[in-house]
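Quick notes on the structure that follows.
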Amino acid sequence: MDSPAVELIDLVKRYGGATAVDGLSMRAAAGAVTAVLGPNGAGKTSTIEICEGFRRADSGTVRVLGEPPATPALRPRVGVMLQAGGVPPAMRCAEWLRLVSRFHAHPLDPPALLARLGLAEHARTPFRRLSGGQQQRLSLAAAVIGRPELVFLDEPTAGLDPQARHACWDLVGELRAAGVSVVLTTHHMDEAERLADQVVIIDRGRVVAEGSPASLTGAERQLRFRARPGLALEELLNALPVGSVAKESPAGHYIIEGQVDPGLLATVTAWCAAEGVTADDLRIERRTLEDVFLELTGRELR
Amino acid sequence: MTTLDLTPAPGAAPLPRMVLAQAGAEVRATLRNGEQLLLTMIIPVLLLVGFSLAPLIDIGGGSRVGFLTPGVLALAIMSTAFTGQAIATGFERRYGVLKRLGATPLSRQGLMLAKTLAVLAVELVQVVVIVTVALALGWRPQGSFAAAALLVVLGTAAFSGLGLLMAGTLRAEATLAAANLVYLVLLGVGGVVFPLSKFPAGMRSVLELLPISALTSGLRTVLGAGALPLGAVAVLAAWAVVSLGLASHFFRWE
């Protein structure tokens with residue numbers, strides 16, 4: 001399929017004087033899972049809510065399944081999971097799902113969907129008495145019950161315990177296998193790495209990187225080990241091929257980046273032997289998405 | 001593990017099915033809510049029984065239950081169309097329910113239609129209960145039920161407009177407080193229980209322009225074999241046009 005599920009060109013959204021989305025452009029491929037990553041306040045929710053038709057862009061082009069957002073004909077085709085709320089507190093679990101199912105022509109069976117998400121025993125529980133994770137799962141259920149072509153999930157696994165998180169991941173995997181396009185926001189790098197075909201990292205309202213998880217983390221590998229802090233690395237660097245990087249971060253944790261091959265491993269272990277150092281927990285690994293994310297968006301708290 | 005067929009098969013349900021589903025959910029929510037039942041059922045019935053049996057008010061002759069029943073019916077209409085709807089909608093807005101429903105195939109017009117149906121259904125229950133109690137207390141209505149129904153519909157429109165205007169512009173907590181306060185004040189000065197003839201003439205001519213007074217006096221006239229009072233119809237229609245117009249212009253969904 002050529003036409004993307006979502007296409008944004010030069011999207012801008014301001015709230016008063018603050019610019020939340022600052023010329024953002026991205027595409028979410030049809031039939032794929034696209035993860036939008038970013039620190040708090042990066043503009044993730046603003047972007048997704050513009051796509052959902054809840055907010056209007058100040059400028060830029062937005063196309064959702066080829067249509068401008070907020071087109072009434074899009075509503076049955078798009079499933080939405082809000083970050084929180086959206087359900088009357090006194091409404092029972094099963095009642096809410098049955099109500100939403102009645103808005104659709106070919107909905108999933110509400111009891112089967114409740115069972116699938118582990119909510120069957122809470123069918124008669126009012127929304128306000130559900131735990132945070134159960135509320136999230138009910139919202140997820142309501143997003144998919146109408147058998148949409150495209151699903152927007154705003155932080156779908158926030159507050160979920162590991163079992164519920166895996167149940168959610170499984171469902172996203174099944175949606176993808178069934179040909180549904182999924183756009184989700186998340187803080188969890190492991191989630192993006194595991195689920196997404198395409199990752200878009202945004203910061204301060206702009207795209208700072210995008211690509212598959214593998215292309216973002218790169219083929220580049222690292223050698224890591226632990227040893228006593230404060231080793232002098234200059235001599236090791238001299239012994240390594242030009243372009244290699246050796247650093248200690250944090251104290252006692254050493255990272256060697258470059259052409260990680262048997263030769264490099266031998267050089268490092270020989271240097272350790274010469275220094276009288278025992279390298280603990282020595283391993284070769286790829287950069288994680290979290291490394292990439294922190295490199296791009298910085299470590300300071302927002 | 002249950003397998004679900006997640007293959008896309010999007011489509012909106014037919015509008016009547018969506019509207020009836022939403023209206024049904026709203027009626028159930030109202031009948032399940034204790035505070036709402038207090039306003040919509042218990043207070044009107046207590047006023048009707050209490051003031052009919054005990055000679056606490058001077059209605060200037062005639063049957064007490066004959067005087068009170070139209071007023072209590074008007075109060076019941078106000079409690080559902082205005083107070084109950086304002087509070088429920090205000091909290092739906094606050095909890096993001098209106099926002100979430102905006103992402104379903106149910107359109108805003110469909111949602112408003114569902115709310116109207118739900119209000120009319122609850123009013124029907126109220127009328128049945130109040131009329132049954134009133135008949136048991138010796139009420140003998142006469143006159144045009146069609147004229148009474150017309151007044152009820154106009155009153156519902158006027159009160160719904162005011163309730164939605166409040167719910168769509170104020171914070172949910174402010175709506176809760178203000179809707180209850182307005183209910184109490186209008187109960188006191190709208191001729192529901194205390195006849196407007198007891199107020200000074202200058203004040204009375206102002207109070208007669210309130211929607212509750214127009215509905216109360218209109219119902220009292222038509223259920224007492226009088227002709228449809230055009231003044232009351234005009235007052236209610238004016239409130240309906242203005243309040244619904246303002247509500248549709250100023251209502252904020254989030």
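Each chain of the structure tokens is named A, B, ... in the order shown, its residues numbered from 1; ligands are numbered from 1 in display order.
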
Item to check | Counting only C-alpha atoms, chain A residues within 9 Å of chain B, as a PyMOL selection string | outcome: chain A and resi 52-54+70+72-82+84-91+95-96+98-109+112-113+115-116+144-150+174-175+177-180

Dump as a PDB file, in the first residue's frame, selection limited to C-alpha atoms:
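See part31.pdb below for the written result:
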```pdb
ATOM      1  CA  GLU A  52      -7.696  12.384  15.994  1.00  0.00           C
ATOM      2  CA  GLY A  53      -9.529  15.616  15.170  1.00  0.00           C
ATOM      3  CA  PHE A  54      -9.719  16.861  18.769  1.00  0.00           C
ATOM      4  CA  ALA A  70     -12.198  15.594  11.893  1.00  0.00           C
ATOM      5  CA  PRO A  72     -17.024  12.673   9.945  1.00  0.00           C
ATOM      6  CA  ALA A  73     -16.501   9.784   7.522  1.00  0.00           C
ATOM      7  CA  LEU A  74     -13.207   9.005   9.304  1.00  0.00           C
ATOM      8  CA  ARG A  75     -14.819   8.245  12.661  1.00  0.00           C
ATOM      9  CA  PRO A  76     -15.829   4.635  12.026  1.00  0.00           C
ATOM     10  CA  ARG A  77     -12.474   3.994  10.344  1.00  0.00           C
ATOM     11  CA  VAL A  78     -10.288   5.264  13.192  1.00  0.00           C
ATOM     12  CA  GLY A  79     -10.080   3.861  16.735  1.00  0.00           C
ATOM     13  CA  VAL A  80      -8.964   6.156  19.531  1.00  0.00           C
ATOM     14  CA  MET A  81      -7.538   5.494  22.983  1.00  0.00           C
ATOM     15  CA  LEU A  82      -7.174   8.638  25.075  1.00  0.00           C
ATOM     16  CA  ALA A  84      -6.874   8.928  30.432  1.00  0.00           C
ATOM     17  CA  GLY A  85     -10.578   9.062  31.201  1.00  0.00           C
ATOM     18  CA  GLY A  86     -13.267   9.272  28.576  1.00  0.00           C
ATOM     19  CA  VAL A  87     -15.596   6.873  30.373  1.00  0.00           C
ATOM     20  CA  PRO A  88     -18.410   7.903  32.765  1.00  0.00           C
ATOM     21  CA  PRO A  89     -17.182   6.893  36.259  1.00  0.00           C
ATOM     22  CA  ALA A  90     -20.393   5.065  37.177  1.00  0.00           C
ATOM     23  CA  MET A  91     -20.605   3.155  33.888  1.00  0.00           C
ATOM     24  CA  GLU A  95     -21.951  -1.577  29.590  1.00  0.00           C
ATOM     25  CA  TRP A  96     -19.456   0.902  28.167  1.00  0.00           C
ATOM     26  CA  ARG A  98     -21.522  -2.640  24.587  1.00  0.00           C
ATOM     27  CA  LEU A  99     -22.509   1.007  24.138  1.00  0.00           C
ATOM     28  CA  VAL A 100     -19.466   1.768  21.971  1.00  0.00           C
ATOM     29  CA  SER A 101     -20.063  -1.437  20.005  1.00  0.00           C
ATOM     30  CA  ARG A 102     -23.595  -0.236  19.197  1.00  0.00           C
ATOM     31  CA  PHE A 103     -22.104   2.715  17.297  1.00  0.00           C
ATOM     32  CA  HIS A 104     -20.430   0.386  14.789  1.00  0.00           C
ATOM     33  CA  ALA A 105     -21.727  -1.728  11.934  1.00  0.00           C
ATOM     34  CA  HIS A 106     -19.540  -4.834  12.438  1.00  0.00           C
ATOM     35  CA  PRO A 107     -18.176  -4.664  15.968  1.00  0.00           C
ATOM     36  CA  LEU A 108     -16.222  -7.317  17.812  1.00  0.00           C
ATOM     37  CA  ASP A 109     -18.166  -9.264  20.422  1.00  0.00           C
ATOM     38  CA  ALA A 112     -15.014 -11.875  23.929  1.00  0.00           C
ATOM     39  CA  LEU A 113     -12.949  -8.688  23.857  1.00  0.00           C
ATOM     40  CA  ALA A 115     -12.186 -11.800  28.160  1.00  0.00           C
ATOM     41  CA  ARG A 116      -9.260 -11.297  25.790  1.00  0.00           C
ATOM     42  CA  VAL A 144     -10.514  -1.533  18.662  1.00  0.00           C
ATOM     43  CA  ILE A 145     -14.100  -2.766  19.087  1.00  0.00           C
ATOM     44  CA  GLY A 146     -15.347  -1.116  15.886  1.00  0.00           C
ATOM     45  CA  ARG A 147     -12.752  -2.976  13.758  1.00  0.00           C
ATOM     46  CA  PRO A 148     -11.037   0.193  12.560  1.00  0.00           C
ATOM     47  CA  GLU A 149      -8.410   0.533   9.830  1.00  0.00           C
ATOM     48  CA  LEU A 150      -6.247   2.786  11.953  1.00  0.00           C
ATOM     49  CA  GLU A 174      -2.451  -9.055  16.250  1.00  0.00           C
ATOM     50  CA  LEU A 175      -3.789  -5.741  14.968  1.00  0.00           C
ATOM     51  CA  ALA A 177      -1.052  -8.975  11.556  1.00  0.00           C
ATOM     52  CA  ALA A 178      -4.677  -8.247  10.651  1.00  0.00           C
ATOM     53  CA  GLY A 179      -3.572  -5.289   8.536  1.00  0.00           C
ATOM     54  CA  VAL A 180      -4.557  -2.510  10.948  1.00  0.00           C
TER      55      VAL A 180
END
```

Next on the checklist: When DSSP is applied to the backbone of this structure, which of region 80-173 of chain A are assigned helix (DSSP H, G or I)? Write them out as a PyMOL selection string.
Outcome noted: chain A and resi 93-101+110-116+120-122+127-129+132-144+162-173

Selection export as a CSV table (one decimal), in the first residue's frame, atoms kept: N, CA and C atoms:
```csv
chain,number,residue,atom,x,y,z
A,93,CYS,N,-18.1,-1.7,33.2
A,93,CYS,CA,-17.1,-2.1,32.1
A,93,CYS,C,-17.9,-2.6,30.9
A,94,ALA,N,-18.7,-3.6,31.1
A,94,ALA,CA,-19.3,-4.3,29.9
A,94,ALA,C,-20.3,-3.3,29.3
A,95,GLU,N,-20.9,-2.5,30.1
A,95,GLU,CA,-22.0,-1.6,29.6
A,95,GLU,C,-21.3,-0.6,28.6
A,96,TRP,N,-20.2,-0.1,29.0
A,96,TRP,CA,-19.5,0.9,28.2
A,96,TRP,C,-19.0,0.3,26.8
A,97,LEU,N,-18.5,-0.9,26.9
A,97,LEU,CA,-18.0,-1.6,25.7
A,97,LEU,C,-19.2,-1.9,24.8
A,98,ARG,N,-20.3,-2.3,25.4
A,98,ARG,CA,-21.5,-2.6,24.6
A,98,ARG,C,-22.1,-1.4,23.9
A,99,LEU,N,-22.0,-0.3,24.7
A,99,LEU,CA,-22.5,1.0,24.1
A,99,LEU,C,-21.7,1.4,22.9
A,100,VAL,N,-20.3,1.4,23.1
A,100,VAL,CA,-19.5,1.8,22.0
A,100,VAL,C,-19.7,0.8,20.8
A,101,SER,N,-19.9,-0.5,21.1
A,101,SER,CA,-20.1,-1.4,20.0
A,101,SER,C,-21.3,-1.1,19.2
A,110,PRO,N,-18.4,-7.8,22.4
A,110,PRO,CA,-17.9,-7.2,23.6
A,110,PRO,C,-17.4,-8.2,24.7
A,111,PRO,N,-18.2,-9.3,25.0
A,111,PRO,CA,-17.7,-10.2,26.1
A,111,PRO,C,-16.4,-10.9,25.7
A,112,ALA,N,-16.2,-11.2,24.4
A,112,ALA,CA,-15.0,-11.9,23.9
A,112,ALA,C,-13.8,-10.9,24.1
A,113,LEU,N,-14.0,-9.7,23.8
A,113,LEU,CA,-12.9,-8.7,23.9
A,113,LEU,C,-12.6,-8.4,25.3
A,114,LEU,N,-13.6,-8.4,26.2
A,114,LEU,CA,-13.3,-8.2,27.6
A,114,LEU,C,-12.5,-9.4,28.1
A,115,ALA,N,-12.9,-10.6,27.7
A,115,ALA,CA,-12.2,-11.8,28.2
A,115,ALA,C,-10.7,-11.7,27.7
A,116,ARG,N,-10.6,-11.3,26.4
A,116,ARG,CA,-9.3,-11.3,25.8
A,116,ARG,C,-8.3,-10.4,26.6
A,120,ALA,N,-13.0,-9.9,32.0
A,120,ALA,CA,-14.3,-10.6,32.1
A,120,ALA,C,-14.8,-10.6,33.5
A,121,GLU,N,-14.0,-10.8,34.5
A,121,GLU,CA,-14.5,-10.8,35.9
A,121,GLU,C,-14.9,-9.4,36.4
A,122,HIS,N,-14.5,-8.4,35.6
A,122,HIS,CA,-14.9,-7.0,36.1
A,122,HIS,C,-16.0,-6.4,35.2
A,127,PHE,N,-16.5,1.9,36.2
A,127,PHE,CA,-15.2,2.3,35.7
A,127,PHE,C,-14.4,2.9,36.8
A,128,ARG,N,-15.0,3.7,37.7
A,128,ARG,CA,-14.2,4.4,38.8
A,128,ARG,C,-13.6,3.4,39.8
A,129,ARG,N,-14.1,2.1,39.8
A,129,ARG,CA,-13.6,1.2,40.8
A,129,ARG,C,-12.5,0.3,40.2
A,132,GLY,N,-6.0,1.5,37.7
A,132,GLY,CA,-5.5,2.3,36.5
A,132,GLY,C,-5.3,1.4,35.3
A,133,GLY,N,-4.6,0.3,35.6
A,133,GLY,CA,-4.3,-0.6,34.5
A,133,GLY,C,-5.6,-1.2,33.8
A,134,GLN,N,-6.6,-1.5,34.6
A,134,GLN,CA,-7.8,-2.0,34.1
A,134,GLN,C,-8.5,-1.0,33.3
A,135,GLN,N,-8.5,0.3,33.8
A,135,GLN,CA,-9.1,1.4,33.0
A,135,GLN,C,-8.4,1.5,31.6
A,136,GLN,N,-7.1,1.4,31.6
A,136,GLN,CA,-6.4,1.5,30.4
A,136,GLN,C,-6.8,0.4,29.4
A,137,ARG,N,-6.9,-0.8,29.9
A,137,ARG,CA,-7.3,-1.9,29.1
A,137,ARG,C,-8.7,-1.8,28.5
A,138,LEU,N,-9.6,-1.2,29.3
A,138,LEU,CA,-11.0,-1.0,28.8
A,138,LEU,C,-10.9,0.1,27.7
A,139,SER,N,-10.1,1.1,27.9
A,139,SER,CA,-10.0,2.1,26.8
A,139,SER,C,-9.4,1.6,25.6
A,140,LEU,N,-8.5,0.6,25.7
A,140,LEU,CA,-7.9,0.0,24.6
A,140,LEU,C,-9.0,-0.8,23.9
A,141,ALA,N,-9.8,-1.6,24.6
A,141,ALA,CA,-10.8,-2.4,24.1
A,141,ALA,C,-11.8,-1.5,23.3
A,142,ALA,N,-12.1,-0.3,23.8
A,142,ALA,CA,-13.1,0.5,23.1
A,142,ALA,C,-12.5,1.1,21.8
A,143,ALA,N,-11.2,1.2,21.8
A,143,ALA,CA,-10.5,1.7,20.6
A,143,ALA,C,-10.6,0.8,19.5
A,144,VAL,N,-10.6,-0.5,19.7
A,144,VAL,CA,-10.5,-1.5,18.7
A,144,VAL,C,-11.9,-2.2,18.4
A,162,PRO,N,3.3,-5.9,34.3
A,162,PRO,CA,4.0,-6.6,33.2
A,162,PRO,C,3.0,-7.5,32.4
A,163,GLN,N,2.1,-8.2,33.1
A,163,GLN,CA,1.2,-9.1,32.4
A,163,GLN,C,0.3,-8.3,31.5
A,164,ALA,N,-0.2,-7.3,32.0
A,164,ALA,CA,-1.2,-6.5,31.2
A,164,ALA,C,-0.4,-5.8,30.0
A,165,ARG,N,0.8,-5.4,30.3
A,165,ARG,CA,1.6,-4.8,29.2
A,165,ARG,C,1.8,-5.8,28.1
A,166,HIS,N,2.1,-7.1,28.5
A,166,HIS,CA,2.3,-8.1,27.4
A,166,HIS,C,1.0,-8.4,26.7
A,167,ALA,N,-0.1,-8.4,27.4
A,167,ALA,CA,-1.4,-8.6,26.8
A,167,ALA,C,-1.7,-7.5,25.8
A,168,CYS,N,-1.3,-6.2,26.1
A,168,CYS,CA,-1.5,-5.1,25.2
A,168,CYS,C,-0.6,-5.3,24.0
A,169,TRP,N,0.7,-5.6,24.3
A,169,TRP,CA,1.6,-5.8,23.1
A,169,TRP,C,1.1,-6.9,22.2
A,170,ASP,N,0.6,-8.0,22.8
A,170,ASP,CA,0.1,-9.1,21.9
A,170,ASP,C,-1.0,-8.6,21.0
A,171,LEU,N,-1.9,-7.8,21.6
A,171,LEU,CA,-3.0,-7.3,20.9
A,171,LEU,C,-2.5,-6.3,19.7
A,172,VAL,N,-1.6,-5.5,20.0
A,172,VAL,CA,-1.0,-4.6,19.0
A,172,VAL,C,-0.4,-5.5,17.9
A,173,GLY,N,0.3,-6.5,18.3
A,173,GLY,CA,0.8,-7.4,17.3
A,173,GLY,C,-0.2,-8.1,16.4
```

Next on the checklist: Which residues are close to Pro141 (chain B), i.e. within 9 Å by only C-alpha atoms, leaving aside same-chain residues fewer than 3 positions away? Reply as a ChimeraX atom specification.
Outcome noted: /B:66,135,223-225

Those residues with C-alpha atoms, as a PDB file, in the first residue's frame please?
```pdb
ATOM      1  CA  GLY B  66     -55.341  20.996  42.096  1.00  0.00           C
ATOM      2  CA  LEU B 135     -54.936  11.281  41.503  1.00  0.00           C
ATOM      3  CA  LEU B 223     -55.189  21.581  33.446  1.00  0.00           C
ATOM      4  CA  GLY B 224     -57.897  23.732  34.998  1.00  0.00           C
ATOM      5  CA  ALA B 225     -59.938  23.749  31.791  1.00  0.00           C
TER       6      ALA B 225
END
```

Item to check | Residue contacts of Pro229 (chain A) (10 Å, only C-alpha atoms) excluding same-chain residues fewer than 5 positions away, as an MDAnalysis selection string | outcome: chainID A and resid 248:254

Item to check | Sel. of strand (DSSP E or B) residues, region 159-285 of chain A, as number ranges by chain | outcome: A: 181-186, 198-203, 206-211, 221-226, 245-248, 253-258, 280-285

Written file, previous selection with N, CA and C atoms, as a compact mmCIF listing (two decimals), in the first residue's frame:
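Output file again01.txt follows:
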```
# COMPACT_ATOMS: atom_id res chain seq x y z
N SER A 181 -3.41 -0.38 10.79
CA SER A 181 -2.32 0.57 11.04
C SER A 181 -2.42 1.04 12.49
N VAL A 182 -1.29 1.11 13.17
CA VAL A 182 -1.28 1.52 14.57
C VAL A 182 -0.30 2.68 14.75
N VAL A 183 -0.76 3.75 15.37
CA VAL A 183 0.14 4.84 15.75
C VAL A 183 0.04 4.96 17.26
N LEU A 184 1.17 4.79 17.96
CA LEU A 184 1.12 4.87 19.42
C LEU A 184 2.21 5.80 19.92
N THR A 185 1.93 6.41 21.08
CA THR A 185 2.97 7.19 21.74
C THR A 185 3.43 6.39 22.94
N THR A 186 4.67 6.56 23.30
CA THR A 186 5.17 5.83 24.47
C THR A 186 6.42 6.50 25.01
N GLN A 198 8.34 1.36 12.69
CA GLN A 198 8.90 2.68 12.45
C GLN A 198 8.85 3.45 13.76
N VAL A 199 9.96 4.11 14.09
CA VAL A 199 10.01 4.92 15.31
C VAL A 199 10.24 6.36 14.89
N VAL A 200 9.47 7.27 15.48
CA VAL A 200 9.66 8.69 15.23
C VAL A 200 9.98 9.32 16.58
N ILE A 201 11.17 9.88 16.72
CA ILE A 201 11.53 10.52 17.98
C ILE A 201 11.30 12.00 17.83
N ILE A 202 10.47 12.58 18.71
CA ILE A 202 10.24 14.01 18.60
C ILE A 202 10.67 14.68 19.90
N ASP A 203 11.12 15.90 19.75
CA ASP A 203 11.56 16.69 20.88
C ASP A 203 11.30 18.15 20.56
N ARG A 206 9.50 18.91 17.27
CA ARG A 206 10.07 18.59 15.95
C ARG A 206 10.55 17.14 15.93
N VAL A 207 10.63 16.58 14.72
CA VAL A 207 11.17 15.23 14.59
C VAL A 207 12.69 15.33 14.66
N VAL A 208 13.28 14.59 15.60
CA VAL A 208 14.75 14.61 15.68
C VAL A 208 15.36 13.36 15.07
N ALA A 209 14.60 12.30 14.93
CA ALA A 209 15.12 11.09 14.27
C ALA A 209 13.94 10.22 13.90
N GLU A 210 14.06 9.48 12.81
CA GLU A 210 13.04 8.48 12.51
C GLU A 210 13.65 7.35 11.72
N GLY A 211 13.03 6.21 11.82
CA GLY A 211 13.52 5.03 11.11
C GLY A 211 13.09 3.79 11.85
N ARG A 221 28.25 -1.56 17.26
CA ARG A 221 28.14 -2.29 18.52
C ARG A 221 29.11 -1.72 19.53
N GLN A 222 28.88 -2.11 20.76
CA GLN A 222 29.72 -1.59 21.84
C GLN A 222 30.27 -2.74 22.65
N LEU A 223 31.44 -2.52 23.20
CA LEU A 223 31.99 -3.45 24.18
C LEU A 223 31.85 -2.75 25.54
N ARG A 224 31.24 -3.46 26.48
CA ARG A 224 31.07 -2.85 27.79
C ARG A 224 31.70 -3.76 28.84
N PHE A 225 32.29 -3.17 29.85
CA PHE A 225 32.71 -3.97 31.01
C PHE A 225 32.76 -3.07 32.23
N ARG A 226 32.85 -3.76 33.40
CA ARG A 226 32.98 -3.01 34.64
C ARG A 226 34.34 -3.30 35.26
N VAL A 245 36.34 4.75 20.27
CA VAL A 245 36.06 5.64 21.40
C VAL A 245 36.10 4.79 22.66
N ALA A 246 36.76 5.30 23.70
CA ALA A 246 36.75 4.60 24.98
C ALA A 246 36.32 5.61 26.03
N LYS A 247 35.31 5.25 26.82
CA LYS A 247 34.86 6.20 27.83
C LYS A 247 34.38 5.47 29.08
N GLU A 248 34.35 6.20 30.17
CA GLU A 248 33.89 5.67 31.44
C GLU A 248 32.61 6.42 31.80
N HIS A 253 32.08 1.96 34.90
CA HIS A 253 31.46 1.31 33.73
C HIS A 253 32.16 1.83 32.49
N TYR A 254 32.78 0.91 31.73
CA TYR A 254 33.57 1.34 30.57
C TYR A 254 32.87 0.91 29.29
N ILE A 255 32.90 1.81 28.32
CA ILE A 255 32.26 1.54 27.02
C ILE A 255 33.30 1.78 25.93
N ILE A 256 33.48 0.79 25.09
CA ILE A 256 34.38 0.95 23.94
C ILE A 256 33.52 0.88 22.68
N GLU A 257 33.56 1.92 21.86
CA GLU A 257 32.78 1.92 20.62
C GLU A 257 33.75 1.93 19.44
N GLY A 258 33.36 1.26 18.39
CA GLY A 258 34.20 1.23 17.20
C GLY A 258 33.95 -0.08 16.47
N ASP A 280 34.90 -7.17 34.74
CA ASP A 280 33.67 -7.89 35.09
C ASP A 280 32.61 -7.64 34.04
N ASP A 281 31.73 -8.63 33.92
CA ASP A 281 30.51 -8.39 33.14
C ASP A 281 30.82 -7.86 31.75
N LEU A 282 31.88 -8.45 31.16
CA LEU A 282 32.29 -7.97 29.84
C LEU A 282 31.33 -8.49 28.78
N ARG A 283 30.81 -7.57 27.97
CA ARG A 283 29.86 -8.03 26.96
C ARG A 283 29.86 -7.10 25.74
N ILE A 284 29.38 -7.68 24.64
CA ILE A 284 29.28 -6.90 23.41
C ILE A 284 27.80 -6.69 23.15
N GLU A 285 27.40 -5.46 22.96
CA GLU A 285 25.99 -5.26 22.65
C GLU A 285 25.78 -4.09 21.70
```

Please provide as a compact mmCIF listing (two decimals) with N, CA and C atoms, in the first residue's frame all residues within 8 Å of Val72 (chain B), with the sequence filter that same-chain residues fewer than 5 positions apart are discarded (counting only C-alpha atoms).
```
# COMPACT_ATOMS: atom_id res chain seq x y z
N PRO B 44 -40.06 16.32 44.33
CA PRO B 44 -41.39 16.68 43.81
C PRO B 44 -42.53 15.92 44.50
N VAL B 45 -42.35 14.62 44.70
CA VAL B 45 -43.44 13.84 45.31
C VAL B 45 -43.65 14.27 46.77
N LEU B 47 -43.05 17.24 48.05
CA LEU B 47 -43.73 18.54 48.05
C LEU B 47 -45.21 18.37 47.76
N LEU B 48 -45.50 17.51 46.79
CA LEU B 48 -46.89 17.30 46.40
C LEU B 48 -47.69 16.73 47.57
N ILE B 130 -45.98 11.24 39.35
CA ILE B 130 -46.61 12.41 40.00
C ILE B 130 -48.11 12.41 39.78
N VAL B 192 -44.30 27.60 42.09
CA VAL B 192 -44.47 26.15 42.14
C VAL B 192 -45.35 25.78 43.33
N VAL B 193 -44.95 26.26 44.49
CA VAL B 193 -45.67 25.95 45.72
C VAL B 193 -46.30 27.23 46.30
```

Item to check | Glu7 (chain A) environment, 6 Å, only C-alpha atoms, sequence neighbours closer than 6 positions dropped, as a ChimeraX atom specification | outcome: /A:26-27,62-63

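For the atom pair formed by CA of Leu296 (chain A) and CA of Ala192 (chain A), the distance is 15.9 Å, given to one decimal.
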
Checklist entry - How many Å separate CA of Leu210 (chain B) from CA of Ala23 (chain B)? => result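 CA of Ala23 (chain B) lies at a distance of 28.7 Å from CA of Leu210 (chain B).
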
Item to check | Shell of 9 Å around Gly226 (chain B), only C-alpha atoms, local chain residues under 4 positions omitted, as JSON, numbers by chain | outcome: {"B": [142, 143, 144, 220, 221, 222]}

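Distances here use only C-alpha atoms; by that measure, the residue among B:Met78, B:Leu137, B:Val122, B:Ala240 closest to Phe51 (chain B) is B:Leu137.
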
Item to check | Closest of A:Leu117, A:Leu153, A:Ala42, A:Val277 to Ala227 (chain A) - atom-to-atom distances counting only C-alpha atoms | outcome: A:Val277

Checklist entry - Out of A:Leu231, A:Ala32, A:Ala196, A:Leu24, which residue has the shortest atom-to-atom distance to Ser212 (chain A) when counting only C-alpha atoms? => result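 Of A:Leu231, A:Ala32, A:Ala196, A:Leu24, the one nearest Ser212 (chain A) is A:Ala196, counting only C-alpha atoms.
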